[in-house]
Amino acid sequence: MIDATGPELLVLGGTVVTAAGSRRADVAVRGGRIEAIERDLSRLSGAAAKVVDASGLLVLPGCIDVHTHTRVASDAEPDRFYQDSLAAAFGGTTTFLAFNNPGTGSSEAAHRSILTGIEEFRRMTASDSAIDYALSPTILGGMDDPLAELPAMVDAGIPTAKAFMVFDFRLADRSIFEAMRILGERGGMLEVHCEDPVLIDAAVEAALQRGDTSPRHHAATRSAEAEAVATHRAMAFARGADAPVHLVHLSCAAALRHVAEARATGVRATAETCPHYLALTDARYEEPDPLECAKSVISPPLRAAGDRDALWSGLAGGDLSLVATDHVPDRVAVEKGEAARGVPFNRISNGAPGIETMLAVVYGLGVATGRITLERMVDLLATTPSRRFGLGRKGAIEIGRDADLVLFDPAARRTIRQDDLHHTSDFTPYEGLEVVGAVRSTWVRGRAVVRDGRAVGDRGEGQFVERGVVA
Ligand code: MN
Ligand code: MN
């Protein structure tokens, strides 16, 4: 029998990490929340329903991945959403945000109305997720009247939405500006995909006319300058609208300079980068096999080594505020197979998987190498995403917050291999990458989802999180 007076979970002897510091401490969980953090809570061992020995391990707040394109279940693939949510838990993520853009299983009706899309997403995912999750709708250019729906969206606990400056579903510039203002007035925030459509569309057309249709030409048509000029405009829009803005998947030094300058002069901008920009470079596009090359068809594309180094400096110095994955569970055997059939690069599905490997890459290539501190990593992967995306109950090991916890072995060494992953993609961009550190166990609101490397949770235990205002 569980002693009703004891905690449901007691984590003893670990090193508890917060954005402010690390210390040896025990953690008690009751009612799904962190009840106590003290040097010695061993007196509660007898009454606790579950005691975990964390000696030699780090106790981290679960990562919050604010950028995924997880697919909802379909008749043909009923486990797609569940399996990727479970994969996230294996990687140390306890909450993720999904976009419902075309390609994720959203309906035509959802592509015309934000509120229809919200209702549909919640219905289709209600009993599927292994971990907690939320929605950040995409505002598409073809929608009937998306700006009019934004106040009701915020009221429904969804304070953020994403707009694209590029692609055929991009939002008109004036609507991007107005969306920033409307959301900002209500405690919400627009997320923007910054790439300039004039420069990119012209470059794509020219490449296709030259007959440069193979996947490796994708990167050459999406320059750092095209990202930088769009980023500069987004900063000007945010200043003009007097509204907060979040830049998704920032990939290059040129764009980062505009963010740094805007932040220094009062613009309420934050920017994220992604593990692939921190680990990989555009050398991947020299790969002669088109199918292999198609794995790196992502937007923005992989950049030069100098950009990668600038992003690490931005994370360490504060110009970049968080890391998120831009997870797209594409498969070589399915979506990316277009490349092998000679489909031009501009019509190959964009994206690569990452929902399970974020902590591995950021710890292994960042903390273990001294590029960022452990505490900064926790800030980038959990605490700032929580604050910035209205997830105030999550993102830190603090009394009263949700007990979203990860036991992490900082001494483990592993090689990332597709064969060992759980996501619904059939490849990982990090195949063969040797990293230090490994996730041992993951809890969401005190419930074990992964224990000692094995799935132990139940499908549907993850809850949709209605979020509060951004900060
Ligand atoms: Mn994007
Ligand atoms: Mn994306």
# chains A, B, ... in the order shown; residues from 1 in each chain; ligands from 1

call {"tool": "residues_around", "arguments": {"residues": "Glu120 (chain A)", "least_positions_apart": "4", "cutoff": "8 Å", "atoms": "only C-alpha atoms", "output": "list in words"}}
result
Ser106, Ala110, Thr116 and Met124 of chain A

call {"tool": "residues_near_ligand", "arguments": {"ligand": "ligand 2", "cutoff": "9 Å", "atoms": "only C-alpha atoms and all ligand atoms", "output": "number ranges by chain"}}
result
A: 67-69, 99, 193, 248-249, 298-299, 325-328, 350-351

call {"tool": "residues_around", "arguments": {"residues": "region 445-454 of chain A", "least_positions_apart": "6", "cutoff": "9 Å", "atoms": "only C-alpha atoms", "output": "list in words"}}
result
Glu8, Leu9, Val29, Arg30, Gly31, Gly32, Arg33, Ile34, Leu86, Ala89, Phe90, Ala130, Ile131, Asp132, Arg401, Asp402, Ala403, Asp404, Leu405, Val439 and Glu461 of chain A

call {"tool": "atom_distance", "arguments": {"atom1": "CA of Ile348 (chain A)", "atom2": "CA of Gln418 (chain A)"}}
result
21.7 Å

call {"tool": "residues_around", "arguments": {"residues": "Asp309 (chain A)", "least_positions_apart": "3", "cutoff": "10 Å", "atoms": "only C-alpha atoms", "output": "list in words"}}
result
Cys252, Ala253, Tyr277, Leu278, Ala279, Ala304, Ala305, Gly306, Trp312, Ser313, Gly314 and Arg371 of chain A

call {"tool": "write_last_selection", "arguments": {"atoms": "N, CA and C atoms", "output": "CSV table (one decimal), in the first residue's frame"}}
result
chain,number,residue,atom,x,y,z
A,252,CYS,N,22.4,31.2,-39.1
A,252,CYS,CA,23.6,31.8,-39.6
A,252,CYS,C,24.0,33.1,-38.8
A,253,ALA,N,25.3,33.4,-38.9
A,253,ALA,CA,25.9,34.5,-38.2
A,253,ALA,C,25.3,35.8,-38.7
A,277,TYR,N,22.1,22.8,-36.9
A,277,TYR,CA,23.0,23.9,-37.2
A,277,TYR,C,24.2,23.9,-36.3
A,278,LEU,N,24.1,23.3,-35.1
A,278,LEU,CA,25.1,23.3,-34.1
A,278,LEU,C,26.1,22.1,-34.3
A,279,ALA,N,25.6,21.1,-35.1
A,279,ALA,CA,26.4,19.9,-35.2
A,279,ALA,C,26.9,19.6,-36.6
A,304,ALA,N,27.8,27.2,-43.2
A,304,ALA,CA,29.3,27.0,-43.1
A,304,ALA,C,29.7,26.8,-41.6
A,305,ALA,N,30.9,26.3,-41.5
A,305,ALA,CA,31.5,26.0,-40.2
A,305,ALA,C,31.5,27.3,-39.3
A,306,GLY,N,31.8,28.4,-40.0
A,306,GLY,CA,31.9,29.7,-39.2
A,306,GLY,C,30.5,30.1,-38.7
A,312,TRP,N,27.1,28.8,-31.6
A,312,TRP,CA,27.5,28.4,-30.2
A,312,TRP,C,27.9,29.6,-29.4
A,313,SER,N,28.5,30.5,-30.0
A,313,SER,CA,28.9,31.8,-29.2
A,313,SER,C,27.6,32.5,-28.9
A,314,GLY,N,26.6,32.5,-29.7
A,314,GLY,CA,25.4,33.2,-29.5
A,314,GLY,C,24.6,32.5,-28.3
A,371,ARG,N,31.7,24.5,-24.5
A,371,ARG,CA,31.2,25.6,-25.2
A,371,ARG,C,30.2,26.4,-24.4

call {"tool": "closest_residue", "arguments": {"among": "A:Ala219, A:Ala36, A:Ala339, A:Ala324", "to": "ligand 1", "atoms": "only C-alpha atoms and all ligand atoms"}}
result
A:Ala324

call {"tool": "select_by_dssp", "arguments": {"residues": "region 356-471 of chain A", "states": "alpha helix (DSSP H)", "output": "list in words"}}
result
Met358, Leu359, Ala360, Val361, Val362, Leu374, Glu375, Arg376, Met377, Val378, Thr384, Pro385, Ser386, Arg387 and Arg388 of chain A

call {"tool": "select_by_dssp", "arguments": {"residues": "region 188-412 of chain A", "states": "strand (DSSP E)", "output": "MDAnalysis selection string"}}
result
chainID A and resid 189:193 245:247 269:273 322:323 405:412

call {"tool": "atom_distance", "arguments": {"atom1": "CA of Thr70 (chain A)", "atom2": "CA of Asn100 (chain A)"}}
result
8.3 Å

call {"tool": "residues_around", "arguments": {"residues": "Leu57 (chain A)", "least_positions_apart": "3", "cutoff": "7 Å", "atoms": "only C-alpha atoms", "output": "PyMOL selection string"}}
result
chain A and resi 14-15+54+407-410
